[in-house]
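Structure record follows, encoded as structure tokens.
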Amino acid sequence: MTGVKSMIGRLIWLAAVILCFAGCATTVNDRGDPTQVTAIVDPPARPGVPDLLIAMPTSINFAEVRKSLVSEVQKNFNVHTFAVGPETKVVDLATAVETTKPVCVVLMNNATMSLYRQYQSHQTTETPPAVLLMASFVEEVQTHLKRATGIAYEVPGVTAFVNLRSVINAPINRVGVIYRPPFRQFVEHQKSLATKEHVEIVAISVPNDVTAAGLRDALHDLAKAGQVGGKIDAIWMLNDNGLVRDEEFVDDAWRSELSEAKIPLIVGVSNFVDPNSPLGTLAVVPDHEALGLQAANLIFDLSENDWQVEGHPVELPLSVKTVVDVKQVRANFGLRADALKHIDKALE
Amino acid sequence: MTKPFCRPRHVPRCLAWLFLGAGLLQAYQPPLLALAEGNKPVVDVFLQLDAKSSVVEKTLQEHLPDLAITVFGRYRDFEEGLSSGHPDAILSITPVLVQRGKTPSLQGQRAGKSSEPYVLASVNRPLEGSLAGKTIGVVDLLGRDGTQTFLNGLLKETDLKVKRVAKIEDLLPLLEFSVADGVVLPSSMLARLLESTRLTIKTRELTGAPVGLPAVSVLSPAIRAVVVGAFQKLDAPTKRLLGIDAWSVP
């Protein structure tokens with residue numbers, strides 16, 4: 001009976017994480033409930049106006065980005081939205097592209113990009129340029145596509161660290177992070193970005209199949225000042241499914257090691273911040289409406305540059321939302337005087 | 001001994017009745033509430049301040065109980081709100097009001113002035129000389145074309161690449177990621193930027209083109225006195241939150 005209860009609890013936890021933050025194979029992200037389909041209506045098309053095709057899942061977070069994007073570009077482009085689901089085939093996407101003849105396609109999520117890659121591989125002529133959004137490791141995806149650029153979805157560590165500084169009184173100069181090998185390049189890039197804000201990232205590598213005990217040991221090393229050359233001011237949890245597999249794993253590794261450590265934990269998933277079950281101190285998640293504006297700016301830039309996509313590097317996301325466990329901050333790190341004015345969601 | 005109202009096996013039925021009852025109650029309540037809300041003048045607010053728009057909205061709602069306040073954090077939402085909500089008044093900075101052909105009924109002031117200079121902030125050295133071809137970040141206050149025109153006027157340069165961001169705090173990443181050569185912001189917001197970052201920020205004050213401070217434009221003459229009176233009664237901390245310390249009637 002206990003086993004069944006435990007399994008049900010685990011399933012509920014998994015469902016909550018998946019429903020709220022459905023990710024792809026490697027990362028967990030704030031991508032909304034994939035089952036919550038939003039009705040999408042494109043603005044009426046006008047003759048003589050260039051066409052833009054948006055290929056995307058219809059769950060709520062994608063729809064938020066689309067709404068903001070469309071409100072920005074609809075004066076300049078006819079927008080056609082093509083809903084992508086698990087049943088969508090390459091031929092469906094090909095038909096959408098060939099029917100609408102867009103000057104640019106916007107591709108949201110890794111599965112959609114994979115379909116477009118297959119579509120490109122069957123084409124002998126040039127395919128429309130693509131703007132990639134809301135996918136894991138967009139820079140890596142870009143290398144597998146022709147004529148593509150986009151905006152990374154992972155929130156840069158430096159953005160999270162600056163936000164943490166604006167919330168707590170304790171100084172943030174050294175931040176620890178634990179990563180698996182697929183994240184090595186990402187972490188290296190984050191180190192150089194963080195330097196600009198005078199933050200040193202102390203990174204510890206763990207194997208791909210790290211166990212809860214192995215992760216706990218790595219966290220212990222980070223938390224113990226002497227093991228990593230000095231005191232760590234915060235720990236940054238990467239959005240990696242391999243490090244946050246399920247509730248039991250999170251309890252065994254993260255909660256058990258950090259509950260006494262009194263080190264702020266930055267997370268990238270808002271439901272890891274909960275004063276009733278303390279874990280994350282601050283969640284920093286993408287601001288989807290602002291992402292739509294950034295995507296629109298990118299599309300306008302490309303259009304003014306005759307759609308020369310190749311020379312345009314993948315951009316970093318500029319805007320985030322913050323969720324803070326204010327109770328934990330007050331108790332352990334000191335809440336800055338004006339912090340509440342700058343937090344999107346303060347939980348107590 | 002009192003019998004429990006809902007025995008375990010009757011819980012689903014009880015819940016059903018509870019929902020039905022709640023639904024009926026709700027069905028009978030809205031007319032009164034809607035009427036009360038409907039009588040309040042509707043004020044749309046669009047400002048870039050040193051606080052989240054949700055905080056500003058909550059504060060204004062508490063201090064202006066006779067007005068129905070909605071604070072918009074982004075230009076497009078504000079624009080949509082204006083066209084769909086038909087507000088009775090708007091609180092925003094002068095360029096936003098002017099773009100819509102509105103005139104201030106109540107002008108905010110700070111230290112006796114009704115406008116403030118904007119500053120051009122950059123990393124390590126100030127952006128002096130010609131700005132032709134430079135990429136400049138700015139909060140989207142007036143839409144794509146309007147913001148470009150606004151920035152051209154402030155910087156007295158038409159050959160600019162404008163990076164619009166949704167919120168004032170998004171200007172810092174433009175500098176951190178070296179996406180923009182500089183960012184333009186109100187001088188009153190500079191302290192917040194400097195406090196947030198360890199980048200070496202240098203500034204150039206754009207003295208030639210001061211920008212009007214927040215002002216209220218009442219669109220329905222019939223409720224002008226109510227709206228103006230309510231805003232004039234705001235306490236000092238709330239006015240400070242809006243970036244002003246006094247009101248004047250133009």
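We name chains A, B, ... following the order of the structure tokens; residues begin at 1 in each chain, and ligands are numbered from 1 as shown.
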
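Proximity to region 115-130 of chain B at 7 Å, evaluated using only C-alpha atoms and with sequence-adjacent residues fewer than 2 positions away removed, yields Lys113, Ala132, Leu175, Asp181, Gly182, Val183, Val184, Leu185, Pro186, Ser187, Leu199, Thr200, Ile201, Lys202, Thr203, Arg204, Glu205, Leu206, Thr207, Ala209, Pro210, Val211, Gly212 and Leu213 of chain B.
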
For those residues, write N, CA and C atoms to a file as a CSV table (one decimal), in the first residue's frame.
```
chain,number,residue,atom,x,y,z
B,113,LYS,N,10.2,70.9,-11.3
B,113,LYS,CA,10.2,70.8,-12.7
B,113,LYS,C,9.2,69.7,-13.2
B,132,ALA,N,26.1,58.0,-35.1
B,132,ALA,CA,25.6,57.4,-36.3
B,132,ALA,C,26.1,55.9,-36.4
B,175,LEU,N,23.7,45.7,-22.1
B,175,LEU,CA,25.0,46.2,-21.8
B,175,LEU,C,25.9,44.9,-21.4
B,181,ASP,N,25.5,49.5,-27.9
B,181,ASP,CA,26.6,50.3,-27.5
B,181,ASP,C,26.2,51.2,-26.3
B,182,GLY,N,25.0,51.5,-26.2
B,182,GLY,CA,24.5,52.3,-25.0
B,182,GLY,C,23.0,52.1,-24.8
B,183,VAL,N,22.6,52.5,-23.7
B,183,VAL,CA,21.1,52.5,-23.4
B,183,VAL,C,20.6,53.9,-23.0
B,184,VAL,N,19.4,54.2,-23.3
B,184,VAL,CA,18.9,55.5,-22.9
B,184,VAL,C,17.8,55.3,-21.9
B,185,LEU,N,17.9,56.0,-20.8
B,185,LEU,CA,16.9,55.9,-19.7
B,185,LEU,C,16.7,57.2,-19.0
B,186,PRO,N,15.6,57.4,-18.3
B,186,PRO,CA,15.3,58.6,-17.5
B,186,PRO,C,16.4,58.8,-16.5
B,187,SER,N,16.8,60.0,-16.2
B,187,SER,CA,17.9,60.2,-15.2
B,187,SER,C,17.5,59.7,-13.9
B,199,LEU,N,29.2,46.5,-13.7
B,199,LEU,CA,29.8,47.1,-14.9
B,199,LEU,C,30.2,48.5,-14.6
B,200,THR,N,31.2,49.0,-15.2
B,200,THR,CA,31.6,50.4,-15.1
B,200,THR,C,30.7,51.2,-16.0
B,201,ILE,N,29.7,51.9,-15.5
B,201,ILE,CA,28.8,52.6,-16.3
B,201,ILE,C,29.2,54.1,-16.4
B,202,LYS,N,29.3,54.5,-17.6
B,202,LYS,CA,29.5,56.0,-17.9
B,202,LYS,C,28.3,56.6,-18.5
B,203,THR,N,28.0,57.8,-18.2
B,203,THR,CA,26.8,58.4,-18.8
B,203,THR,C,27.1,59.7,-19.5
B,204,ARG,N,26.1,60.0,-20.3
B,204,ARG,CA,26.1,61.3,-21.0
B,204,ARG,C,24.7,61.9,-20.9
B,205,GLU,N,24.5,63.0,-20.3
B,205,GLU,CA,23.2,63.5,-20.1
B,205,GLU,C,22.7,64.2,-21.3
B,206,LEU,N,21.5,63.8,-21.7
B,206,LEU,CA,20.9,64.4,-23.0
B,206,LEU,C,20.1,65.6,-22.6
B,207,THR,N,20.8,66.7,-22.3
B,207,THR,CA,20.2,67.9,-21.7
B,207,THR,C,19.3,68.6,-22.7
B,209,ALA,N,17.0,67.7,-24.6
B,209,ALA,CA,15.6,67.2,-24.9
B,209,ALA,C,15.0,66.6,-23.6
B,210,PRO,N,14.6,67.4,-22.7
B,210,PRO,CA,14.0,66.9,-21.5
B,210,PRO,C,12.7,66.2,-21.8
B,211,VAL,N,12.3,65.2,-21.1
B,211,VAL,CA,11.1,64.5,-21.3
B,211,VAL,C,10.1,64.7,-20.2
B,212,GLY,N,8.8,65.0,-20.5
B,212,GLY,CA,7.8,65.3,-19.5
B,212,GLY,C,7.6,64.2,-18.5
B,213,LEU,N,7.5,64.5,-17.3
B,213,LEU,CA,7.2,63.6,-16.2
B,213,LEU,C,5.8,63.0,-16.3
```

Residues of chain A within 10 Å of chain B, counting only C-alpha atoms, as a VMD selection string: chain A and resid 68 71 to 73 156 158 to 159 162 to 163 165 to 166 193 to 199 287 289 to 294 296 to 298 300 to 301 315 to 320 338 to 345

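Rounded to one decimal, CA of Leu258 (chain A) and CA of Leu279 (chain A) lie 7.8 Å from each other.
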
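Closest approach to Gly229 (chain B) from the set B:Leu194, B:Leu106, B:Leu155, B:Leu131 is made by B:Leu106, with distances taken over only C-alpha atoms.
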
Considering only C-alpha atoms, return as a VMD selection string whatever protein or nucleic-acid residues lie within 9 Å of Leu219 (chain B), sequence-local ones (same chain, fewer than 3 positions apart) excluded. chain B and resid 87 to 90 102 222 to 224

Using the selection just defined, write its residues with N, CA and C atoms as a PDB file, in the first residue's frame.
```
ATOM      1  N   PRO B  87     -10.621  53.822 -21.602  1.00  0.00           N
ATOM      2  CA  PRO B  87     -10.493  54.410 -20.260  1.00  0.00           C
ATOM      3  C   PRO B  87     -10.995  55.849 -20.211  1.00  0.00           C
ATOM      4  N   ASP B  88     -11.291  56.300 -18.993  1.00  0.00           N
ATOM      5  CA  ASP B  88     -11.721  57.689 -18.785  1.00  0.00           C
ATOM      6  C   ASP B  88     -10.513  58.607 -18.615  1.00  0.00           C
ATOM      7  N   ALA B  89      -9.380  58.022 -18.245  1.00  0.00           N
ATOM      8  CA  ALA B  89      -8.179  58.830 -18.050  1.00  0.00           C
ATOM      9  C   ALA B  89      -6.945  57.973 -18.279  1.00  0.00           C
ATOM     10  N   ILE B  90      -5.838  58.650 -18.580  1.00  0.00           N
ATOM     11  CA  ILE B  90      -4.555  57.955 -18.796  1.00  0.00           C
ATOM     12  C   ILE B  90      -3.507  58.636 -17.920  1.00  0.00           C
ATOM     13  N   LYS B 102      -3.385  63.552 -26.685  1.00  0.00           N
ATOM     14  CA  LYS B 102      -4.006  63.925 -25.400  1.00  0.00           C
ATOM     15  C   LYS B 102      -3.182  65.020 -24.729  1.00  0.00           C
ATOM     16  N   ALA B 222     -16.706  64.907 -17.941  1.00  0.00           N
ATOM     17  CA  ALA B 222     -17.676  64.799 -16.840  1.00  0.00           C
ATOM     18  C   ALA B 222     -17.027  64.318 -15.541  1.00  0.00           C
ATOM     19  N   ILE B 223     -15.973  63.535 -15.630  1.00  0.00           N
ATOM     20  CA  ILE B 223     -15.368  63.001 -14.402  1.00  0.00           C
ATOM     21  C   ILE B 223     -14.004  63.641 -14.101  1.00  0.00           C
ATOM     22  N   ARG B 224     -13.729  64.725 -14.789  1.00  0.00           N
ATOM     23  CA  ARG B 224     -12.430  65.395 -14.623  1.00  0.00           C
ATOM     24  C   ARG B 224     -12.157  65.738 -13.156  1.00  0.00           C
TER      25      ARG B 224
END
```

I'd like the neighbourhood of Ser114 (chain B) as an NGL selection string, where a residue qualifies if any of its atoms comes within 12 Å (using only C-alpha atoms), though same-chain residues fewer than 5 positions away should be ignored. :B and (93-94 or 104 or 106-109 or 210-215 or 243-250)

What residues in region 7-223 of chain B get the DSSP label alpha helix (DSSP H)? Please answer as a tab-separated table (two decimals) with N, CA and C atoms, in the first residue's frame.
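Now in selection-v3.tsv:
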```
chain	number	residue	atom	x	y	z
B	11	VAL	N	-19.53	12.02	-0.03
B	11	VAL	CA	-18.71	13.19	-0.33
B	11	VAL	C	-18.90	13.71	-1.75
B	12	PRO	N	-18.87	12.83	-2.77
B	12	PRO	CA	-19.03	13.37	-4.13
B	12	PRO	C	-20.34	14.14	-4.28
B	13	ARG	N	-21.46	13.58	-3.67
B	13	ARG	CA	-22.76	14.25	-3.81
B	13	ARG	C	-22.72	15.61	-3.11
B	14	CYS	N	-22.10	15.61	-1.89
B	14	CYS	CA	-22.01	16.86	-1.14
B	14	CYS	C	-21.23	17.91	-1.92
B	15	LEU	N	-20.12	17.46	-2.52
B	15	LEU	CA	-19.31	18.40	-3.30
B	15	LEU	C	-20.11	18.98	-4.45
B	16	ALA	N	-20.90	18.08	-5.09
B	16	ALA	CA	-21.71	18.53	-6.21
B	16	ALA	C	-22.67	19.63	-5.77
B	17	TRP	N	-23.33	19.40	-4.58
B	17	TRP	CA	-24.26	20.40	-4.07
B	17	TRP	C	-23.54	21.69	-3.71
B	18	LEU	N	-22.34	21.51	-3.14
B	18	LEU	CA	-21.55	22.68	-2.76
B	18	LEU	C	-21.23	23.54	-3.98
B	19	PHE	N	-20.79	22.86	-5.07
B	19	PHE	CA	-20.46	23.60	-6.29
B	19	PHE	C	-21.70	24.27	-6.88
B	20	LEU	N	-22.83	23.52	-6.82
B	20	LEU	CA	-24.06	24.07	-7.37
B	20	LEU	C	-24.46	25.32	-6.59
B	21	GLY	N	-24.36	25.19	-5.25
B	21	GLY	CA	-24.71	26.32	-4.38
B	21	GLY	C	-23.81	27.51	-4.63
B	22	ALA	N	-22.51	27.22	-4.73
B	22	ALA	CA	-21.55	28.30	-4.98
B	22	ALA	C	-21.86	28.97	-6.31
B	23	GLY	N	-22.19	28.15	-7.29
B	23	GLY	CA	-22.50	28.68	-8.62
B	23	GLY	C	-23.71	29.58	-8.58
B	24	LEU	N	-24.77	29.13	-7.83
B	24	LEU	CA	-25.98	29.94	-7.75
B	24	LEU	C	-25.71	31.26	-7.04
B	25	LEU	N	-24.93	31.17	-5.94
B	25	LEU	CA	-24.58	32.40	-5.20
B	25	LEU	C	-23.86	33.38	-6.11
B	26	GLN	N	-22.89	32.82	-6.86
B	26	GLN	CA	-22.10	33.67	-7.73
B	26	GLN	C	-22.99	34.31	-8.80
B	27	ALA	N	-23.94	33.48	-9.29
B	27	ALA	CA	-24.80	33.98	-10.36
B	27	ALA	C	-25.63	35.17	-9.90
B	28	TYR	N	-25.97	35.20	-8.61
B	28	TYR	CA	-26.81	36.30	-8.12
B	28	TYR	C	-26.01	37.51	-7.65
B	30	PRO	N	-22.95	39.11	-9.18
B	30	PRO	CA	-22.26	40.07	-10.03
B	30	PRO	C	-22.97	41.39	-10.32
B	31	PRO	N	-24.30	41.44	-10.53
B	31	PRO	CA	-24.87	42.71	-10.94
B	31	PRO	C	-24.49	43.86	-10.02
B	32	LEU	N	-24.59	43.63	-8.68
B	32	LEU	CA	-24.25	44.69	-7.72
B	32	LEU	C	-22.79	45.09	-7.84
B	33	LEU	N	-21.87	44.06	-7.85
B	33	LEU	CA	-20.44	44.34	-7.91
B	33	LEU	C	-20.09	45.05	-9.22
B	34	ALA	N	-20.65	44.53	-10.31
B	34	ALA	CA	-20.34	45.10	-11.61
B	34	ALA	C	-20.77	46.56	-11.66
B	35	LEU	N	-21.92	46.83	-11.05
B	35	LEU	CA	-22.43	48.20	-11.03
B	35	LEU	C	-21.47	49.10	-10.27
B	36	ALA	N	-21.02	48.59	-9.10
B	36	ALA	CA	-20.11	49.38	-8.28
B	36	ALA	C	-18.81	49.66	-9.05
B	37	GLU	N	-18.26	48.60	-9.67
B	37	GLU	CA	-17.03	48.79	-10.42
B	37	GLU	C	-17.27	49.70	-11.63
B	38	GLY	N	-18.43	49.49	-12.25
B	38	GLY	CA	-18.76	50.25	-13.45
B	38	GLY	C	-18.88	51.73	-13.21
B	39	ASN	N	-19.21	52.12	-11.98
B	39	ASN	CA	-19.37	53.54	-11.67
B	39	ASN	C	-18.05	54.26	-11.49
B	53	SER	N	5.13	46.51	-12.29
B	53	SER	CA	3.82	47.14	-12.53
B	53	SER	C	2.76	46.59	-11.58
B	54	SER	N	2.92	45.33	-11.15
B	54	SER	CA	1.94	44.77	-10.22
B	54	SER	C	1.99	45.51	-8.87
B	55	VAL	N	3.20	45.92	-8.47
B	55	VAL	CA	3.36	46.65	-7.21
B	55	VAL	C	2.74	48.04	-7.35
B	56	VAL	N	3.00	48.68	-8.49
B	56	VAL	CA	2.44	50.02	-8.73
B	56	VAL	C	0.92	49.95	-8.76
B	57	GLU	N	0.40	48.91	-9.44
B	57	GLU	CA	-1.06	48.77	-9.55
B	57	GLU	C	-1.70	48.60	-8.17
B	58	LYS	N	-1.11	47.72	-7.38
B	58	LYS	CA	-1.66	47.46	-6.05
B	58	LYS	C	-1.64	48.74	-5.20
B	59	THR	N	-0.53	49.46	-5.27
B	59	THR	CA	-0.40	50.68	-4.48
B	59	THR	C	-1.43	51.73	-4.91
B	60	LEU	N	-1.56	51.91	-6.23
B	60	LEU	CA	-2.51	52.93	-6.71
B	60	LEU	C	-3.95	52.52	-6.39
B	61	GLN	N	-4.23	51.24	-6.52
B	61	GLN	CA	-5.60	50.78	-6.20
B	61	GLN	C	-5.93	51.05	-4.73
B	62	GLU	N	-4.94	50.86	-3.86
B	62	GLU	CA	-5.17	51.10	-2.43
B	62	GLU	C	-5.37	52.58	-2.14
B	63	HIS	N	-4.63	53.42	-2.86
B	63	HIS	CA	-4.66	54.86	-2.57
B	63	HIS	C	-5.67	55.63	-3.41
B	75	TYR	N	4.06	48.30	-23.60
B	75	TYR	CA	3.40	49.21	-24.52
B	75	TYR	C	2.23	48.55	-25.25
B	76	ARG	N	2.45	47.33	-25.76
B	76	ARG	CA	1.39	46.69	-26.56
B	76	ARG	C	0.15	46.41	-25.71
B	77	ASP	N	0.36	46.02	-24.47
B	77	ASP	CA	-0.79	45.77	-23.59
B	77	ASP	C	-1.54	47.07	-23.33
B	78	PHE	N	-0.77	48.14	-23.14
B	78	PHE	CA	-1.37	49.46	-22.91
B	78	PHE	C	-2.19	49.87	-24.14
B	79	GLU	N	-1.60	49.68	-25.30
B	79	GLU	CA	-2.27	50.05	-26.55
B	79	GLU	C	-3.57	49.25	-26.71
B	80	GLU	N	-3.47	47.95	-26.40
B	80	GLU	CA	-4.65	47.08	-26.50
B	80	GLU	C	-5.71	47.52	-25.49
B	81	GLY	N	-5.25	47.87	-24.29
B	81	GLY	CA	-6.17	48.32	-23.24
B	81	GLY	C	-6.90	49.59	-23.64
B	82	LEU	N	-6.20	50.49	-24.31
B	82	LEU	CA	-6.83	51.75	-24.74
B	82	LEU	C	-7.91	51.49	-25.77
B	83	SER	N	-7.61	50.58	-26.72
B	83	SER	CA	-8.59	50.37	-27.78
B	83	SER	C	-9.76	49.51	-27.32
B	84	SER	N	-9.52	48.60	-26.39
B	84	SER	CA	-10.63	47.72	-25.98
B	84	SER	C	-11.33	48.22	-24.71
B	85	GLY	N	-10.59	48.92	-23.85
B	85	GLY	CA	-11.18	49.29	-22.56
B	85	GLY	C	-11.77	50.68	-22.49
B	94	THR	N	4.61	62.44	-20.87
B	94	THR	CA	4.09	63.33	-21.89
B	94	THR	C	4.20	62.78	-23.32
B	95	PRO	N	5.35	62.21	-23.74
B	95	PRO	CA	5.42	61.73	-25.13
B	95	PRO	C	4.34	60.70	-25.47
B	96	VAL	N	3.98	59.88	-24.49
B	96	VAL	CA	2.94	58.87	-24.73
B	96	VAL	C	1.59	59.56	-24.91
B	97	LEU	N	1.33	60.57	-24.08
B	97	LEU	CA	0.06	61.30	-24.20
B	97	LEU	C	0.02	62.04	-25.54
B	98	VAL	N	1.12	62.69	-25.89
B	98	VAL	CA	1.18	63.48	-27.14
B	98	VAL	C	0.95	62.56	-28.34
B	99	GLN	N	1.55	61.36	-28.31
B	99	GLN	CA	1.37	60.42	-29.43
B	99	GLN	C	-0.10	60.11	-29.65
B	143	GLY	N	5.88	52.04	-29.27
B	143	GLY	CA	5.83	51.16	-30.43
B	143	GLY	C	7.09	51.31	-31.27
B	144	ARG	N	7.17	50.52	-32.34
B	144	ARG	CA	8.41	50.46	-33.12
B	144	ARG	C	8.76	51.82	-33.73
B	145	ASP	N	7.84	52.37	-34.51
B	145	ASP	CA	8.15	53.63	-35.20
B	145	ASP	C	8.24	54.78	-34.20
B	146	GLY	N	7.30	54.82	-33.27
B	146	GLY	CA	7.25	55.92	-32.30
B	146	GLY	C	8.51	55.96	-31.44
B	147	THR	N	8.98	54.80	-31.02
B	147	THR	CA	10.17	54.75	-30.17
B	147	THR	C	11.41	55.17	-30.96
B	148	GLN	N	11.45	54.74	-32.22
B	148	GLN	CA	12.58	55.15	-33.08
B	148	GLN	C	12.60	56.68	-33.21
B	149	THR	N	11.44	57.28	-33.47
B	149	THR	CA	11.35	58.73	-33.62
B	149	THR	C	11.73	59.43	-32.31
B	150	PHE	N	11.22	58.89	-31.21
B	150	PHE	CA	11.50	59.44	-29.88
B	150	PHE	C	13.02	59.44	-29.62
B	151	LEU	N	13.65	58.32	-29.94
B	151	LEU	CA	15.09	58.19	-29.69
B	151	LEU	C	15.90	59.08	-30.64
B	152	ASN	N	15.46	59.14	-31.91
B	152	ASN	CA	16.14	60.02	-32.85
B	152	ASN	C	16.14	61.46	-32.32
B	153	GLY	N	14.98	61.85	-31.77
B	153	GLY	CA	14.86	63.22	-31.25
B	153	GLY	C	15.75	63.44	-30.03
B	154	LEU	N	15.77	62.45	-29.14
B	154	LEU	CA	16.58	62.59	-27.92
B	154	LEU	C	18.07	62.67	-28.26
B	155	LEU	N	18.49	61.83	-29.21
B	155	LEU	CA	19.93	61.73	-29.51
B	155	LEU	C	20.33	62.59	-30.69
B	171	LEU	N	17.27	46.66	-19.79
B	171	LEU	CA	18.34	47.45	-20.42
B	171	LEU	C	19.71	46.94	-20.00
B	172	LEU	N	19.83	46.49	-18.75
B	172	LEU	CA	21.13	46.04	-18.25
B	172	LEU	C	21.69	44.86	-19.06
B	173	PRO	N	20.89	43.81	-19.35
B	173	PRO	CA	21.43	42.72	-20.18
B	173	PRO	C	21.95	43.19	-21.53
B	174	LEU	N	21.35	44.24	-22.10
B	174	LEU	CA	21.86	44.74	-23.39
B	174	LEU	C	23.32	45.16	-23.25
B	175	LEU	N	23.66	45.73	-22.09
B	175	LEU	CA	25.05	46.15	-21.85
B	175	LEU	C	25.91	44.95	-21.45
B	176	GLU	N	25.37	44.10	-20.60
B	176	GLU	CA	26.13	42.92	-20.14
B	176	GLU	C	26.50	42.01	-21.31
B	190	LEU	N	18.62	56.07	-13.25
B	190	LEU	CA	20.05	55.75	-13.35
B	190	LEU	C	20.57	55.11	-12.06
B	191	ALA	N	20.13	55.62	-10.92
B	191	ALA	CA	20.62	55.11	-9.63
B	191	ALA	C	20.33	53.61	-9.52
B	192	ARG	N	19.16	53.21	-9.96
B	192	ARG	CA	18.77	51.80	-9.91
B	192	ARG	C	19.69	50.95	-10.80
B	193	LEU	N	19.99	51.46	-11.98
B	193	LEU	CA	20.89	50.74	-12.89
B	193	LEU	C	22.27	50.58	-12.25
B	194	LEU	N	22.77	51.66	-11.68
B	194	LEU	CA	24.12	51.63	-11.08
B	194	LEU	C	24.16	50.68	-9.88
B	195	GLU	N	23.05	50.64	-9.16
B	195	GLU	CA	22.98	49.77	-7.98
B	195	GLU	C	22.92	48.29	-8.39
B	196	SER	N	22.36	48.02	-9.57
B	196	SER	CA	22.14	46.63	-9.99
B	196	SER	C	23.39	45.97	-10.55
```

From the DSSP assignment of the backbone, select every residue of region 2-250 of chain B that is strand (DSSP E or B), and format the answer as a ChimeraX atom specification. /B:42-46,68-72,89-93,106-110,113,115-123,135-139,161-165,182-186,201-212,214-218,246-248

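The smallest atom-to-atom distance between Ile232 (chain A) and any of A:Glu260, A:Asp92, A:Glu200, A:Glu310, using only C-alpha atoms, is found for A:Glu200.
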
So which residues touch Arg117 (chain A) within 10 Å, counting only C-alpha atoms, skipping near sequence neighbours fewer than 5 positions away, as a PyMOL selection string? chain A and resi 90+111-112+122+141-142+144-146

Considering only C-alpha atoms, return as a list of chain:residue names whatever protein or nucleic-acid residues lie within 8 Å of Met56 (chain A), sequence-local ones (same chain, fewer than 3 positions apart) excluded. A:Phe62, A:Thr81, A:Phe82, A:Ala83, A:Val84, A:Leu107, A:Met108, A:Asn109, A:Thr112

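In this structure, CA of Val326 (chain A) sits 11.5 Å away from CA of Asn276 (chain A).
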
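CA of Val216 (chain B) is found 16.3 Å from CA of Leu141 (chain B).
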
Contact table region 198-234 of chain A vs region 178-189 of chain A, cut-off 6 Å, shortest pair per residue, only C-alpha atoms, as a Markdown table:
```
| residue | atom | partner | partner_atom | distance |
| --- | --- | --- | --- | --- |
| A:Ala203 | CA | A:Ile178 | CA | 5.7 |
| A:Ile204 | CA | A:Ile178 | CA | 4.8 |
| A:Ser205 | CA | A:Tyr179 | CA | 5.1 |
| A:Val206 | CA | A:Arg180 | CA | 5.2 |
| A:Pro207 | CA | A:Arg180 | CA | 5.7 |
| A:Asn208 | CA | A:Arg180 | CA | 5.4 |
```
